[in-house]
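Here is the structure we will look at.
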Amino acid sequence: MLTLTLTTTTDYAPMLMDFARRARLVAGEAPPSDAELDAVREHVRQTLEENAKGEEKALRAQLAKTLPTGITLKKLEATRDGLVVTSNTTLELDDVRLVPDVVLGAVEGQPPLKPFADFTVKKERAGLVLSGRAPEVPEGAGSVQLSLRPSTKPLSHNAPKQDGSTLTWQGSGFEVKVVFPV
């Protein structure tokens, strides 16, 4: 059994400001004023707040339907601070070999998000080796945190942080390697 928690933090402000400036440039207009940029930020913040409850409930239902056998959704929550959105998803996996099969964000009409699709699990002499690279996050757009809490103590790992049995990596595009006993 393995508990996997994926936390993503996304700051929408830089993307919105860039989009607003580019839209004006393409239209041949003057760059937006600070007041106009403030109005855009406030409008998007309000929209995020209004849509949050329904979206979270719909996403929870969709995730529960699309997760492969052996993976259970334990917690899904999002918090907002202005235009910074932090999402926490906790899954329980019956087997470490299911990590590459984790599917998130499977919204109708869009391809599913598979954050660990490039992870591999291989049996080696040392044990069962989980390795891979976390998703890349554009600079200034946020961060990713991955926490693993295995039911058995790993033989080795490269996690920069360990709290009891919980291993944690944070950043963008970080390498993960954990060796589990077979």
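Each chain in the structure tokens gets a letter, A, B and so on, in the order shown; residues start at 1 in every chain, and ligands are counted from 1 in the order they appear.
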- May I have all residues of segment 41-167 of chain A that DSSP, computed from the backbone, assigns to alpha helix (DSSP H), given as number ranges by chain? A: 41-66
Can you pull out the residues contacting segment 57-73 of chain A? Cut-off 6 Å, using only C-alpha atoms, and skip same-chain residues under 4 positions away; I want them as an mmCIF file with C-alpha atoms, in the first residue's frame.
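New file around_28.cif:
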```cif
data_model
loop_
_atom_site.group_PDB
_atom_site.id
_atom_site.type_symbol
_atom_site.label_atom_id
_atom_site.label_comp_id
_atom_site.auth_asym_id
_atom_site.auth_seq_id
_atom_site.Cartn_x
_atom_site.Cartn_y
_atom_site.Cartn_z
ATOM 1 C CA LEU A 91 -4.603 8.720 -3.496
ATOM 2 C CA GLU A 92 -4.128 5.270 -2.025
ATOM 3 C CA LEU A 93 -2.492 2.746 -4.317
ATOM 4 C CA ASP A 94 -2.686 -0.987 -3.663
#
```
- Message: When you look at Gln170 of chain A with a cut-off of 12 Å (counting only C-alpha atoms), what residues show up, excluding the ones that are within fewer than 6 positions of it in the same chain? I need them as an MDAnalysis selection string.
- Response: chainID A and resid 5:9 133:137 142:148 158:162 176
Please dump the current selection as an mmCIF file, in the first residue's frame; keep C-alpha atoms.
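Heads up, here's the output in part-v3.cif:
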```cif
data_model
loop_
_atom_site.group_PDB
_atom_site.id
_atom_site.type_symbol
_atom_site.label_atom_id
_atom_site.label_comp_id
_atom_site.auth_asym_id
_atom_site.auth_seq_id
_atom_site.Cartn_x
_atom_site.Cartn_y
_atom_site.Cartn_z
ATOM 1 C CA THR A 5 -0.168 13.116 -2.349
ATOM 2 C CA LEU A 6 0.298 15.520 -5.217
ATOM 3 C CA THR A 7 0.171 19.214 -4.376
ATOM 4 C CA THR A 8 0.270 21.817 -7.102
ATOM 5 C CA THR A 9 0.396 25.550 -6.592
ATOM 6 C CA ARG A 133 10.797 12.864 -13.290
ATOM 7 C CA ALA A 134 8.024 15.062 -11.907
ATOM 8 C CA PRO A 135 6.165 17.372 -14.283
ATOM 9 C CA GLU A 136 7.893 20.616 -15.318
ATOM 10 C CA VAL A 137 6.231 23.830 -14.212
ATOM 11 C CA GLY A 142 3.894 27.670 -9.423
ATOM 12 C CA SER A 143 5.317 24.468 -8.030
ATOM 13 C CA VAL A 144 4.709 20.758 -7.604
ATOM 14 C CA GLN A 145 5.105 18.731 -4.427
ATOM 15 C CA LEU A 146 4.993 14.945 -4.314
ATOM 16 C CA SER A 147 4.720 13.032 -1.062
ATOM 17 C CA LEU A 148 4.847 9.252 -0.799
ATOM 18 C CA ASN A 158 16.508 10.378 -2.953
ATOM 19 C CA ALA A 159 13.778 12.437 -1.257
ATOM 20 C CA PRO A 160 15.214 15.693 0.099
ATOM 21 C CA LYS A 161 12.722 15.631 2.965
ATOM 22 C CA GLN A 162 11.561 12.781 5.172
ATOM 23 C CA VAL A 176 12.316 10.622 -7.909
#
```
- Message: List the spatial neighbours of segment 37-45 of chain A as a list in words - criterion: any atom at most 12 Å away, only C-alpha atoms, same-chain residues fewer than 6 positions off excluded.
- Response: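 Selected residues are Asp11, Tyr12, Ala13, Pro14, Met15, Leu16, Met17, Asp18, Phe19, Ala20, Arg21, Arg24, Pro31, Asn51, Ala52, Arg80, Asp81, Gly82, Leu83, Val84 and Val85 of chain A.
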- Do you know which residues are at most 8 Å from Glu77 of chain A counting only C-alpha atoms, after dropping those on the same chain fewer than 6 positions away, and could you put them as a list in words? Glu56, Ser87, Asn88 and Thr89 of chain A
Keeping N, CA and C atoms, export the residues of the selection given above as a compact mmCIF listing (two decimals), in the first residue's frame.
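Just written: result.txt:
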```txt
# COMPACT_ATOMS: atom_id res chain seq x y z
N GLU A 56 -15.05 21.51 -8.03
CA GLU A 56 -14.41 20.54 -7.15
C GLU A 56 -15.27 19.29 -7.01
N SER A 87 -3.81 23.01 -5.03
CA SER A 87 -4.63 21.81 -5.13
C SER A 87 -3.91 20.64 -4.48
N ASN A 88 -4.61 19.91 -3.63
CA ASN A 88 -4.07 18.71 -2.97
C ASN A 88 -4.92 17.51 -3.35
N THR A 89 -4.25 16.50 -3.89
CA THR A 89 -4.92 15.25 -4.25
C THR A 89 -4.19 14.12 -3.56
```
- Message: I'd like the interatomic distance between atom CA of Arg125 of chain A and atom CA of His157 of chain A, to a tenth of an Å.
- Response: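 Atom CA of His157 of chain A lies 15.4 Å from atom CA of Arg125 of chain A.
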- Item | Nearest to Ala78 of chain A, chosen from A:Leu167, A:Leu48, A:Leu2, A:Leu128, with only C-alpha atoms counted in the distances |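 That would be A:Leu48, the residue with the smallest distance to Ala78 of chain A.
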- Task: Could you tell me how far atom CA of Pro181 of chain A lies from atom CA of Lys114 of chain A, in Å and to one decimal?
- Result: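 These atoms are spaced 25.8 Å apart.
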